[in-house]
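Colleague: Data: final04.cif, mmCIF, N, CA and C atoms and all ligand atoms.
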```
data_final
loop_
_atom_site.label_atom_id
_atom_site.label_comp_id
_atom_site.auth_asym_id
_atom_site.auth_seq_id
_atom_site.Cartn_x
_atom_site.Cartn_y
_atom_site.Cartn_z
N MET A 704 -98.09 41.12 5.33
CA MET A 704 -97.06 41.74 6.17
C MET A 704 -95.91 42.25 5.31
N SER A 705 -95.48 43.48 5.58
CA SER A 705 -94.40 44.07 4.81
C SER A 705 -93.06 43.52 5.28
N ASN A 706 -92.06 43.53 4.41
CA ASN A 706 -90.75 43.01 4.81
C ASN A 706 -89.72 44.11 4.99
N ARG A 707 -90.22 45.35 5.20
CA ARG A 707 -89.28 46.46 5.39
C ARG A 707 -89.55 47.22 6.67
N THR A 708 -88.47 47.74 7.27
CA THR A 708 -88.62 48.63 8.41
C THR A 708 -87.71 49.83 8.20
N PHE A 709 -87.88 50.83 9.05
CA PHE A 709 -87.06 52.04 8.95
C PHE A 709 -86.28 52.20 10.24
N THR A 710 -85.02 52.63 10.14
CA THR A 710 -84.20 52.85 11.33
C THR A 710 -83.41 54.16 11.24
N MET A 711 -83.04 54.67 12.39
CA MET A 711 -82.05 55.75 12.45
C MET A 711 -81.02 55.36 13.50
N ILE A 712 -79.74 55.59 13.19
CA ILE A 712 -78.70 55.57 14.20
C ILE A 712 -78.67 57.00 14.74
N LYS A 713 -78.99 57.14 16.03
CA LYS A 713 -79.25 58.46 16.62
C LYS A 713 -77.94 59.21 16.92
N PRO A 714 -78.05 60.53 17.16
CA PRO A 714 -76.83 61.35 17.34
C PRO A 714 -75.88 60.85 18.42
N ASP A 715 -76.38 60.27 19.50
CA ASP A 715 -75.48 59.78 20.56
C ASP A 715 -74.57 58.68 20.05
N ALA A 716 -75.13 57.74 19.28
CA ALA A 716 -74.36 56.61 18.78
C ALA A 716 -73.39 57.05 17.68
N VAL A 717 -73.81 58.04 16.88
CA VAL A 717 -72.91 58.57 15.85
C VAL A 717 -71.71 59.25 16.54
N LYS A 718 -72.01 60.10 17.54
CA LYS A 718 -70.94 60.83 18.25
C LYS A 718 -69.97 59.87 18.93
N ALA A 719 -70.50 58.76 19.44
CA ALA A 719 -69.67 57.80 20.16
C ALA A 719 -68.85 56.90 19.21
N GLY A 720 -69.05 57.09 17.90
CA GLY A 720 -68.26 56.31 16.94
C GLY A 720 -68.79 54.91 16.71
N ASN A 721 -70.09 54.72 16.91
CA ASN A 721 -70.65 53.37 16.83
C ASN A 721 -71.44 53.06 15.55
N ILE A 722 -71.31 53.89 14.52
CA ILE A 722 -72.04 53.59 13.27
C ILE A 722 -71.64 52.20 12.76
N GLY A 723 -70.36 51.96 12.66
CA GLY A 723 -69.87 50.69 12.11
C GLY A 723 -70.32 49.49 12.92
N ASN A 724 -70.18 49.61 14.25
CA ASN A 724 -70.58 48.49 15.13
C ASN A 724 -72.06 48.18 14.99
N ILE A 725 -72.88 49.22 14.90
CA ILE A 725 -74.33 49.00 14.81
C ILE A 725 -74.70 48.41 13.46
N LEU A 726 -74.09 48.91 12.38
CA LEU A 726 -74.38 48.33 11.06
C LEU A 726 -73.95 46.87 11.00
N GLN A 727 -72.86 46.57 11.67
CA GLN A 727 -72.39 45.18 11.76
C GLN A 727 -73.46 44.28 12.41
N MET A 728 -74.04 44.76 13.51
CA MET A 728 -75.08 43.97 14.20
C MET A 728 -76.31 43.82 13.31
N ILE A 729 -76.65 44.88 12.57
CA ILE A 729 -77.82 44.85 11.69
C ILE A 729 -77.59 43.83 10.56
N ASN A 730 -76.41 43.86 9.98
CA ASN A 730 -76.09 42.90 8.91
C ASN A 730 -76.04 41.47 9.45
N ALA A 731 -75.42 41.30 10.61
CA ALA A 731 -75.30 39.96 11.19
C ALA A 731 -76.68 39.37 11.50
N ALA A 732 -77.66 40.22 11.78
CA ALA A 732 -79.01 39.74 12.07
C ALA A 732 -79.81 39.45 10.80
N GLY A 733 -79.19 39.66 9.65
CA GLY A 733 -79.83 39.24 8.40
C GLY A 733 -80.63 40.30 7.66
N PHE A 734 -80.44 41.57 8.03
CA PHE A 734 -81.15 42.64 7.32
C PHE A 734 -80.33 43.09 6.11
N ARG A 735 -81.03 43.35 5.00
CA ARG A 735 -80.42 43.93 3.81
C ARG A 735 -80.70 45.43 3.81
N ILE A 736 -79.72 46.24 3.45
CA ILE A 736 -79.91 47.69 3.40
C ILE A 736 -80.55 48.07 2.07
N ALA A 737 -81.77 48.59 2.14
CA ALA A 737 -82.51 48.96 0.93
C ALA A 737 -82.35 50.43 0.59
N ALA A 738 -81.96 51.24 1.60
CA ALA A 738 -81.72 52.67 1.41
C ALA A 738 -80.91 53.14 2.60
N MET A 739 -80.06 54.15 2.38
CA MET A 739 -79.28 54.66 3.50
C MET A 739 -78.76 56.07 3.22
N LYS A 740 -78.79 56.94 4.24
CA LYS A 740 -78.10 58.23 4.13
C LYS A 740 -77.62 58.75 5.48
N TYR A 741 -76.57 59.58 5.41
CA TYR A 741 -75.95 60.20 6.58
C TYR A 741 -76.27 61.68 6.49
N LEU A 742 -77.02 62.21 7.45
CA LEU A 742 -77.48 63.60 7.35
C LEU A 742 -77.86 64.12 8.72
N SER A 743 -78.12 65.42 8.80
CA SER A 743 -78.69 65.93 10.04
C SER A 743 -80.05 66.54 9.72
N ILE A 744 -80.95 66.50 10.68
CA ILE A 744 -82.28 67.06 10.47
C ILE A 744 -82.46 68.27 11.39
N SER A 745 -83.30 69.20 10.95
CA SER A 745 -83.58 70.40 11.75
C SER A 745 -84.56 70.05 12.87
N LYS A 746 -84.71 70.95 13.83
CA LYS A 746 -85.68 70.76 14.91
C LYS A 746 -87.09 70.62 14.32
N THR A 747 -87.39 71.44 13.32
CA THR A 747 -88.71 71.40 12.68
C THR A 747 -88.96 70.05 12.00
N GLN A 748 -87.94 69.53 11.33
CA GLN A 748 -88.09 68.22 10.69
C GLN A 748 -88.25 67.11 11.73
N ALA A 749 -87.51 67.22 12.84
CA ALA A 749 -87.65 66.23 13.92
C ALA A 749 -89.06 66.29 14.52
N GLU A 750 -89.58 67.50 14.67
CA GLU A 750 -90.95 67.66 15.21
C GLU A 750 -91.97 67.00 14.30
N LYS A 751 -91.76 67.13 12.99
CA LYS A 751 -92.67 66.51 12.02
C LYS A 751 -92.55 64.98 12.10
N PHE A 752 -91.32 64.49 12.14
CA PHE A 752 -91.10 63.04 12.18
C PHE A 752 -91.75 62.43 13.42
N TYR A 753 -91.62 63.08 14.57
CA TYR A 753 -92.12 62.55 15.84
C TYR A 753 -93.47 63.17 16.23
N GLU A 754 -94.22 63.63 15.25
CA GLU A 754 -95.53 64.25 15.46
C GLU A 754 -96.44 63.44 16.40
N VAL A 755 -96.40 62.11 16.28
CA VAL A 755 -97.27 61.26 17.13
C VAL A 755 -96.98 61.44 18.61
N HIS A 756 -95.77 61.92 18.93
CA HIS A 756 -95.39 62.11 20.33
C HIS A 756 -95.58 63.55 20.81
N ALA A 757 -96.23 64.38 19.99
CA ALA A 757 -96.32 65.82 20.28
C ALA A 757 -96.86 66.15 21.68
N GLU A 758 -97.76 65.34 22.18
CA GLU A 758 -98.36 65.62 23.49
C GLU A 758 -97.55 65.05 24.66
N ARG A 759 -96.53 64.25 24.35
CA ARG A 759 -95.75 63.60 25.42
C ARG A 759 -94.81 64.62 26.07
N PRO A 760 -94.54 64.43 27.38
CA PRO A 760 -93.70 65.40 28.09
C PRO A 760 -92.25 65.47 27.56
N PHE A 761 -91.80 64.41 26.90
CA PHE A 761 -90.41 64.37 26.43
C PHE A 761 -90.24 64.85 24.99
N TYR A 762 -91.32 65.36 24.37
CA TYR A 762 -91.30 65.75 22.95
C TYR A 762 -90.21 66.80 22.65
N GLY A 763 -90.11 67.82 23.51
CA GLY A 763 -89.12 68.88 23.30
C GLY A 763 -87.70 68.34 23.37
N GLU A 764 -87.45 67.57 24.42
CA GLU A 764 -86.13 66.96 24.64
C GLU A 764 -85.77 66.01 23.47
N LEU A 765 -86.75 65.22 23.06
CA LEU A 765 -86.55 64.24 21.98
C LEU A 765 -86.20 64.93 20.66
N THR A 766 -86.95 65.97 20.30
CA THR A 766 -86.73 66.62 19.01
C THR A 766 -85.46 67.48 19.03
N GLU A 767 -85.14 68.02 20.21
CA GLU A 767 -83.88 68.76 20.38
C GLU A 767 -82.71 67.79 20.16
N PHE A 768 -82.78 66.66 20.82
CA PHE A 768 -81.73 65.65 20.71
C PHE A 768 -81.57 65.12 19.29
N MET A 769 -82.69 64.80 18.63
CA MET A 769 -82.61 64.20 17.29
C MET A 769 -82.11 65.18 16.24
N SER A 770 -82.15 66.48 16.56
CA SER A 770 -81.62 67.47 15.62
C SER A 770 -80.26 68.01 16.08
N SER A 771 -79.64 67.35 17.07
CA SER A 771 -78.40 67.88 17.67
C SER A 771 -77.13 67.47 16.91
N GLY A 772 -77.25 66.60 15.94
CA GLY A 772 -76.06 66.16 15.21
C GLY A 772 -76.45 65.17 14.13
N PRO A 773 -75.48 64.73 13.33
CA PRO A 773 -75.82 63.83 12.23
C PRO A 773 -76.36 62.48 12.70
N ILE A 774 -77.17 61.90 11.84
CA ILE A 774 -77.76 60.58 12.07
C ILE A 774 -77.56 59.74 10.80
N VAL A 775 -77.73 58.45 10.93
CA VAL A 775 -77.79 57.58 9.75
C VAL A 775 -79.23 57.09 9.65
N ALA A 776 -79.88 57.35 8.53
CA ALA A 776 -81.24 56.88 8.29
C ALA A 776 -81.17 55.74 7.29
N ALA A 777 -81.98 54.70 7.49
CA ALA A 777 -81.92 53.57 6.57
C ALA A 777 -83.24 52.81 6.52
N ILE A 778 -83.49 52.23 5.37
CA ILE A 778 -84.59 51.27 5.23
C ILE A 778 -83.96 49.88 5.18
N LEU A 779 -84.48 48.99 5.99
CA LEU A 779 -83.92 47.64 6.11
C LEU A 779 -84.93 46.61 5.65
N GLU A 780 -84.44 45.58 4.99
CA GLU A 780 -85.32 44.54 4.45
C GLU A 780 -84.98 43.17 5.02
N LYS A 781 -86.03 42.47 5.40
CA LYS A 781 -85.89 41.11 5.94
C LYS A 781 -87.31 40.60 6.13
N GLU A 782 -87.50 39.31 6.10
CA GLU A 782 -88.81 38.77 6.43
C GLU A 782 -89.16 39.19 7.85
N ASN A 783 -90.39 39.62 8.09
CA ASN A 783 -90.83 40.03 9.43
C ASN A 783 -89.96 41.17 9.99
N ALA A 784 -89.63 42.12 9.13
CA ALA A 784 -88.64 43.16 9.45
C ALA A 784 -88.99 43.98 10.69
N VAL A 785 -90.22 44.47 10.79
CA VAL A 785 -90.57 45.38 11.89
C VAL A 785 -90.37 44.68 13.24
N ALA A 786 -90.98 43.53 13.41
CA ALA A 786 -90.91 42.84 14.70
C ALA A 786 -89.49 42.34 14.99
N ASP A 787 -88.82 41.80 13.98
CA ASP A 787 -87.47 41.28 14.22
C ASP A 787 -86.50 42.42 14.55
N PHE A 788 -86.71 43.58 13.93
CA PHE A 788 -85.79 44.69 14.23
C PHE A 788 -86.05 45.24 15.63
N ARG A 789 -87.32 45.31 16.05
CA ARG A 789 -87.62 45.75 17.42
C ARG A 789 -86.94 44.83 18.44
N LYS A 790 -86.91 43.52 18.11
CA LYS A 790 -86.23 42.56 18.99
C LYS A 790 -84.73 42.85 19.02
N LEU A 791 -84.17 43.13 17.86
CA LEU A 791 -82.73 43.39 17.77
C LEU A 791 -82.33 44.68 18.52
N ILE A 792 -83.18 45.71 18.50
CA ILE A 792 -82.78 46.95 19.17
C ILE A 792 -82.99 46.88 20.68
N GLY A 793 -83.98 46.14 21.16
CA GLY A 793 -84.19 46.02 22.60
C GLY A 793 -85.09 47.12 23.15
N ALA A 794 -85.31 47.08 24.45
CA ALA A 794 -86.26 47.98 25.12
C ALA A 794 -85.84 49.45 24.99
N THR A 795 -86.84 50.34 24.98
CA THR A 795 -86.61 51.78 24.87
C THR A 795 -85.63 52.26 25.94
N ASN A 796 -85.84 51.80 27.16
CA ASN A 796 -84.93 52.12 28.27
C ASN A 796 -83.81 51.07 28.30
N PRO A 797 -82.57 51.48 28.04
CA PRO A 797 -81.49 50.49 27.95
C PRO A 797 -81.31 49.68 29.23
N ALA A 798 -81.76 50.21 30.36
CA ALA A 798 -81.68 49.46 31.62
C ALA A 798 -82.52 48.17 31.53
N ASN A 799 -83.52 48.18 30.66
CA ASN A 799 -84.38 47.00 30.50
C ASN A 799 -84.06 46.20 29.23
N ALA A 800 -83.05 46.65 28.48
CA ALA A 800 -82.75 45.98 27.21
C ALA A 800 -82.02 44.66 27.46
N GLU A 801 -82.42 43.65 26.69
CA GLU A 801 -81.81 42.32 26.86
C GLU A 801 -80.39 42.28 26.31
N GLU A 802 -79.62 41.36 26.86
CA GLU A 802 -78.26 41.07 26.38
C GLU A 802 -78.32 40.75 24.88
N GLY A 803 -77.36 41.25 24.13
CA GLY A 803 -77.32 40.95 22.70
C GLY A 803 -78.06 41.96 21.84
N THR A 804 -78.78 42.91 22.47
CA THR A 804 -79.50 43.92 21.70
C THR A 804 -78.60 45.15 21.47
N ILE A 805 -78.97 45.93 20.46
CA ILE A 805 -78.18 47.12 20.13
C ILE A 805 -78.22 48.13 21.28
N ARG A 806 -79.41 48.31 21.87
CA ARG A 806 -79.50 49.29 22.96
C ARG A 806 -78.75 48.84 24.21
N LYS A 807 -78.74 47.53 24.47
CA LYS A 807 -77.95 47.02 25.60
C LYS A 807 -76.47 47.37 25.40
N ALA A 808 -76.02 47.22 24.15
CA ALA A 808 -74.61 47.45 23.86
C ALA A 808 -74.24 48.94 23.79
N TYR A 809 -75.14 49.77 23.23
CA TYR A 809 -74.71 51.12 22.88
C TYR A 809 -75.57 52.27 23.41
N ALA A 810 -76.76 52.00 23.96
CA ALA A 810 -77.61 53.10 24.41
C ALA A 810 -77.13 53.63 25.76
N LYS A 811 -77.27 54.96 25.93
CA LYS A 811 -76.80 55.58 27.17
C LYS A 811 -77.92 55.76 28.16
N SER A 812 -79.12 56.07 27.67
CA SER A 812 -80.25 56.40 28.54
C SER A 812 -81.54 56.27 27.75
N MET A 813 -82.65 56.48 28.43
CA MET A 813 -83.97 56.44 27.78
C MET A 813 -84.04 57.42 26.61
N GLY A 814 -83.48 58.59 26.78
CA GLY A 814 -83.53 59.60 25.72
C GLY A 814 -82.47 59.35 24.65
N GLU A 815 -81.26 59.05 25.09
CA GLU A 815 -80.15 58.84 24.15
C GLU A 815 -79.96 57.34 23.99
N ASN A 816 -80.85 56.75 23.18
CA ASN A 816 -80.89 55.29 23.13
C ASN A 816 -80.44 54.69 21.80
N ALA A 817 -79.50 55.35 21.15
CA ALA A 817 -78.69 54.80 20.05
C ALA A 817 -79.40 54.56 18.71
N VAL A 818 -80.60 54.01 18.75
CA VAL A 818 -81.28 53.66 17.49
C VAL A 818 -82.79 53.87 17.58
N HIS A 819 -83.37 54.06 16.41
CA HIS A 819 -84.83 54.08 16.26
C HIS A 819 -85.22 52.85 15.44
N GLY A 820 -86.39 52.30 15.73
CA GLY A 820 -86.96 51.25 14.89
C GLY A 820 -88.46 51.46 14.76
N SER A 821 -89.00 51.38 13.56
CA SER A 821 -90.44 51.57 13.35
C SER A 821 -91.23 50.57 14.19
N ASP A 822 -92.45 50.99 14.60
CA ASP A 822 -93.25 50.11 15.45
C ASP A 822 -94.39 49.41 14.72
N SER A 823 -94.55 49.66 13.42
CA SER A 823 -95.59 48.96 12.64
C SER A 823 -95.23 49.05 11.16
N ASP A 824 -95.85 48.19 10.35
CA ASP A 824 -95.62 48.24 8.90
C ASP A 824 -96.05 49.59 8.35
N GLU A 825 -97.17 50.09 8.86
CA GLU A 825 -97.70 51.37 8.38
C GLU A 825 -96.70 52.50 8.66
N ASN A 826 -96.20 52.55 9.91
CA ASN A 826 -95.23 53.60 10.24
C ASN A 826 -93.89 53.41 9.53
N ALA A 827 -93.51 52.17 9.28
CA ALA A 827 -92.26 51.91 8.54
C ALA A 827 -92.35 52.56 7.15
N ALA A 828 -93.49 52.43 6.51
CA ALA A 828 -93.67 53.00 5.17
C ALA A 828 -93.69 54.53 5.24
N ILE A 829 -94.40 55.08 6.23
CA ILE A 829 -94.47 56.55 6.37
C ILE A 829 -93.08 57.11 6.67
N GLU A 830 -92.38 56.49 7.61
CA GLU A 830 -91.06 56.99 8.02
C GLU A 830 -90.03 56.83 6.90
N GLY A 831 -90.07 55.71 6.20
CA GLY A 831 -89.14 55.49 5.10
C GLY A 831 -89.31 56.54 4.01
N SER A 832 -90.57 56.88 3.72
CA SER A 832 -90.80 57.85 2.64
C SER A 832 -90.58 59.29 3.12
N PHE A 833 -90.48 59.49 4.45
CA PHE A 833 -90.10 60.81 4.99
C PHE A 833 -88.65 61.14 4.58
N PHE A 834 -87.81 60.12 4.55
CA PHE A 834 -86.38 60.31 4.27
C PHE A 834 -85.96 59.97 2.84
N PHE A 835 -86.68 59.05 2.18
CA PHE A 835 -86.21 58.54 0.89
C PHE A 835 -87.29 58.60 -0.18
N SER A 836 -86.90 59.09 -1.36
CA SER A 836 -87.81 59.03 -2.51
C SER A 836 -87.76 57.62 -3.08
N GLY A 837 -88.65 57.31 -3.97
CA GLY A 837 -88.66 56.01 -4.64
C GLY A 837 -87.34 55.74 -5.34
N LEU A 838 -86.74 56.77 -5.90
CA LEU A 838 -85.48 56.63 -6.62
C LEU A 838 -84.32 56.24 -5.71
N GLU A 839 -84.48 56.48 -4.40
CA GLU A 839 -83.39 56.21 -3.45
C GLU A 839 -83.55 54.88 -2.73
N GLN A 840 -84.57 54.11 -3.12
CA GLN A 840 -84.84 52.83 -2.47
C GLN A 840 -84.56 51.70 -3.44
N PHE A 841 -83.79 50.70 -2.95
CA PHE A 841 -83.33 49.63 -3.83
C PHE A 841 -83.78 48.26 -3.37
P1 LIG A 901 -88.04 54.71 18.79
O1 LIG A 901 -89.37 55.22 18.28
O2 LIG A 901 -86.97 55.77 18.82
O3 LIG A 901 -87.60 53.46 18.12
P2 LIG A 901 -89.36 53.43 20.96
O4 LIG A 901 -90.38 53.04 19.94
O5 LIG A 901 -88.67 52.34 21.71
O6 LIG A 901 -88.22 54.31 20.31
P3 LIG A 901 -91.16 55.52 21.75
O7 LIG A 901 -92.17 55.33 22.82
O8 LIG A 901 -91.60 55.53 20.33
O9 LIG A 901 -89.99 54.45 21.98
O10 LIG A 901 -90.40 56.89 22.07
C1 LIG A 901 -89.64 57.54 21.06
C2 LIG A 901 -88.34 58.01 21.65
O11 LIG A 901 -88.62 59.03 22.59
C3 LIG A 901 -87.54 56.97 22.43
O12 LIG A 901 -86.70 56.20 21.64
C4 LIG A 901 -86.73 57.84 23.37
O13 LIG A 901 -85.57 58.34 22.71
C5 LIG A 901 -87.67 58.98 23.65
N1 LIG A 901 -88.38 58.74 24.91
C6 LIG A 901 -89.39 57.90 25.10
N2 LIG A 901 -89.81 57.94 26.38
C7 LIG A 901 -89.02 58.84 27.00
C8 LIG A 901 -88.92 59.34 28.31
N3 LIG A 901 -89.75 58.93 29.27
N4 LIG A 901 -87.98 60.27 28.55
C9 LIG A 901 -87.13 60.70 27.61
N5 LIG A 901 -87.18 60.27 26.33
C10 LIG A 901 -88.09 59.35 26.04
MG MG A 902 -91.27 54.41 18.63
#
```
Represent the structure from my file as structure tokens, please.
Ligand code: ATP
Ligand code: MG

Modeller:
Amino acid sequence: MSNRTFTMIKPDAVKAGNIGNILQMINAAGFRIAAMKYLSISKTQAEKFYEVHAERPFYGELTEFMSSGPIVAAILEKENAVADFRKLIGATNPANAEEGTIRKAYAKSMGENAVHGSDSDENAAIEGSFFFSGLEQF
């Protein structure tokens, strides 16, 4: 099992001024930051990143939203990183997110849900290398 996951603080949470609050929750939960950058991605780059969702009805809305403003991308390290981070972010739909989760605290809706978290070790590695070269990972 890998000990790394990949996350993005999405444009809604950046716009709302919640970068600091979310990083605080991530640190308090015991994750170490192995890589991080603040950037915006194009619609084409968002389409590539979310390729697995290409057939889903929300693909257009999702990629439009993810390219609508700056995001924070990061690789996080912790034992059992993927599963523990999914627990920390909470359900995709914030209406179903548990108390104490990042999405409960900061997500606005199913689409604008504050953070991304990888869903498997394999995808964590693919997504991390989409944003960071080996030289940018510590
Ligand atoms: P993420 O991959 O961002 O961590 P997730 O794994 O909880 O989220 P996915 O099923 O992978 O959820 O969906 C990717 C993203 O697509 C969601 O975070 C959300 O922003 C958006 N999304 C998913 N389902 C819907 C929907 N029904 N309507 C609008 N947007 C949706
Ligand atoms: Mg997902």

Colleague: Which of these residues is nearest to Gly831 of chain A, using only N, CA and C atoms: A:Val818, A:Glu780, A:Thr708, A:Arg759?

Modeller: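 Of A:Val818, A:Glu780, A:Thr708, A:Arg759, the one nearest Gly831 of chain A is A:Thr708, counting only N, CA and C atoms.
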
Colleague: Distance atom CA of Asn783 of chain A-atom C of Leu765 of chain A, one decimal place?

Modeller: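 One can read the atom CA of Asn783 of chain A to atom C of Leu765 of chain A distance as 27.7 Å.
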
Colleague: With 7 Å as the cut-off and only N, CA and C atoms and all ligand atoms counted, what is the closest atom pair between each nearby residue of chain A and ligand MG 902 (chain A)? Distances in Å to one decimal, ordered by chain and number, as a Markdown table.

Modeller:
```
| residue | atom | partner | partner_atom | distance |
| --- | --- | --- | --- | --- |
| A:His819 | CA | A:MG902 | MG | 6.9 |
| A:Gly820 | C | A:MG902 | MG | 5.6 |
| A:Ser821 | C | A:MG902 | MG | 5.9 |
| A:Asp822 | N | A:MG902 | MG | 5.4 |
```

Colleague: 7 Å from ligand LIG 901 (chain A) is the threshold here; counting all atoms listed in the file, which polymer residues fall inside it? Answer as a PyMOL selection string.

Modeller: chain A and resi 760-762+764-765+793-796+812-822

Colleague: Provide the atom CA of Glu825 of chain A to atom N of Arg707 of chain A distance in Å, to one decimal place.

Modeller: 10.1 Å

Colleague: Compile the contact shell of Leu791 of chain A as a list in words: residues with an atom at most 8 Å away, counting all atoms listed in the file, same-chain residues fewer than 5 positions apart removed.

Modeller: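 These residues fall inside the cut-off: Met728, Ile729, Ala732, Val785, Ala786, Gly803, Thr804, Ile805, Arg806 and Lys807 of chain A.
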
Colleague: Where in chain A does DSSP assign strand (DSSP E), given as a list of chain:residue names?

Modeller: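 So the strand (DSSP E) residues in chain A would be A:Arg707, A:Thr708, A:Phe709, A:Thr710, A:Met711, A:Ile712, A:Arg735, A:Ile736, A:Ala737, A:Ala738, A:Met739, A:Lys740, A:Tyr741, A:Leu742, A:Ile774, A:Val775, A:Ala776, A:Ala777, A:Ile778, A:Leu779, A:Glu780, A:Val818, A:His819, A:Gly820.
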
Colleague: Identify which of the residues A:Leu742, A:Leu726, A:Met711, A:Ile736 lies closest to Lys781 of chain A, counting all atoms listed in the file when measuring atom-to-atom distances.

Modeller: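 Ranked by minimum distance to Lys781 of chain A, first place goes to A:Ile736.
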
Colleague: What parts of segment 715-771 of chain A does DSSP call alpha helix (DSSP H)? I'd like the answer as a PyMOL selection string.

Modeller: chain A and resi 715-718+722-731+746-752+762-769

Colleague: Include N, CA and C atoms and write out the residues we just selected as a short mmCIF file (atom, residue, chain, number, x, y, z; two decimals), keeping the file's coordinate frame.

Modeller:
```
data_model
loop_
_atom_site.label_atom_id
_atom_site.label_comp_id
_atom_site.auth_asym_id
_atom_site.auth_seq_id
_atom_site.Cartn_x
_atom_site.Cartn_y
_atom_site.Cartn_z
N ASP A 715 -76.38 60.27 19.50
CA ASP A 715 -75.48 59.78 20.56
C ASP A 715 -74.57 58.68 20.05
N ALA A 716 -75.13 57.74 19.28
CA ALA A 716 -74.36 56.61 18.78
C ALA A 716 -73.39 57.05 17.68
N VAL A 717 -73.81 58.04 16.88
CA VAL A 717 -72.91 58.57 15.85
C VAL A 717 -71.71 59.25 16.54
N LYS A 718 -72.01 60.10 17.54
CA LYS A 718 -70.94 60.83 18.25
C LYS A 718 -69.97 59.87 18.93
N ILE A 722 -71.31 53.89 14.52
CA ILE A 722 -72.04 53.59 13.27
C ILE A 722 -71.64 52.20 12.76
N GLY A 723 -70.36 51.96 12.66
CA GLY A 723 -69.87 50.69 12.11
C GLY A 723 -70.32 49.49 12.92
N ASN A 724 -70.18 49.61 14.25
CA ASN A 724 -70.58 48.49 15.13
C ASN A 724 -72.06 48.18 14.99
N ILE A 725 -72.88 49.22 14.90
CA ILE A 725 -74.33 49.00 14.81
C ILE A 725 -74.70 48.41 13.46
N LEU A 726 -74.09 48.91 12.38
CA LEU A 726 -74.38 48.33 11.06
C LEU A 726 -73.95 46.87 11.00
N GLN A 727 -72.86 46.57 11.67
CA GLN A 727 -72.39 45.18 11.76
C GLN A 727 -73.46 44.28 12.41
N MET A 728 -74.04 44.76 13.51
CA MET A 728 -75.08 43.97 14.20
C MET A 728 -76.31 43.82 13.31
N ILE A 729 -76.65 44.88 12.57
CA ILE A 729 -77.82 44.85 11.69
C ILE A 729 -77.59 43.83 10.56
N ASN A 730 -76.41 43.86 9.98
CA ASN A 730 -76.09 42.90 8.91
C ASN A 730 -76.04 41.47 9.45
N ALA A 731 -75.42 41.30 10.61
CA ALA A 731 -75.30 39.96 11.19
C ALA A 731 -76.68 39.37 11.50
N LYS A 746 -84.71 70.95 13.83
CA LYS A 746 -85.68 70.76 14.91
C LYS A 746 -87.09 70.62 14.32
N THR A 747 -87.39 71.44 13.32
CA THR A 747 -88.71 71.40 12.68
C THR A 747 -88.96 70.05 12.00
N GLN A 748 -87.94 69.53 11.33
CA GLN A 748 -88.09 68.22 10.69
C GLN A 748 -88.25 67.11 11.73
N ALA A 749 -87.51 67.22 12.84
CA ALA A 749 -87.65 66.23 13.92
C ALA A 749 -89.06 66.29 14.52
N GLU A 750 -89.58 67.50 14.67
CA GLU A 750 -90.95 67.66 15.21
C GLU A 750 -91.97 67.00 14.30
N LYS A 751 -91.76 67.13 12.99
CA LYS A 751 -92.67 66.51 12.02
C LYS A 751 -92.55 64.98 12.10
N PHE A 752 -91.32 64.49 12.14
CA PHE A 752 -91.10 63.04 12.18
C PHE A 752 -91.75 62.43 13.42
N TYR A 762 -91.32 65.36 24.37
CA TYR A 762 -91.30 65.75 22.95
C TYR A 762 -90.21 66.80 22.65
N GLY A 763 -90.11 67.82 23.51
CA GLY A 763 -89.12 68.88 23.30
C GLY A 763 -87.70 68.34 23.37
N GLU A 764 -87.45 67.57 24.42
CA GLU A 764 -86.13 66.96 24.64
C GLU A 764 -85.77 66.01 23.47
N LEU A 765 -86.75 65.22 23.06
CA LEU A 765 -86.55 64.24 21.98
C LEU A 765 -86.20 64.93 20.66
N THR A 766 -86.95 65.97 20.30
CA THR A 766 -86.73 66.62 19.01
C THR A 766 -85.46 67.48 19.03
N GLU A 767 -85.14 68.02 20.21
CA GLU A 767 -83.88 68.76 20.38
C GLU A 767 -82.71 67.79 20.16
N PHE A 768 -82.78 66.66 20.82
CA PHE A 768 -81.73 65.65 20.71
C PHE A 768 -81.57 65.12 19.29
N MET A 769 -82.69 64.80 18.63
CA MET A 769 -82.61 64.20 17.29
C MET A 769 -82.11 65.18 16.24
#
```

Colleague: So which one's closest to Ile744 of chain A, A:Gly763, A:Asn724, A:Glu758, A:Ile774? Using all atoms listed in the file, please.

Modeller: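 The closest residue to Ile744 of chain A is A:Ile774.
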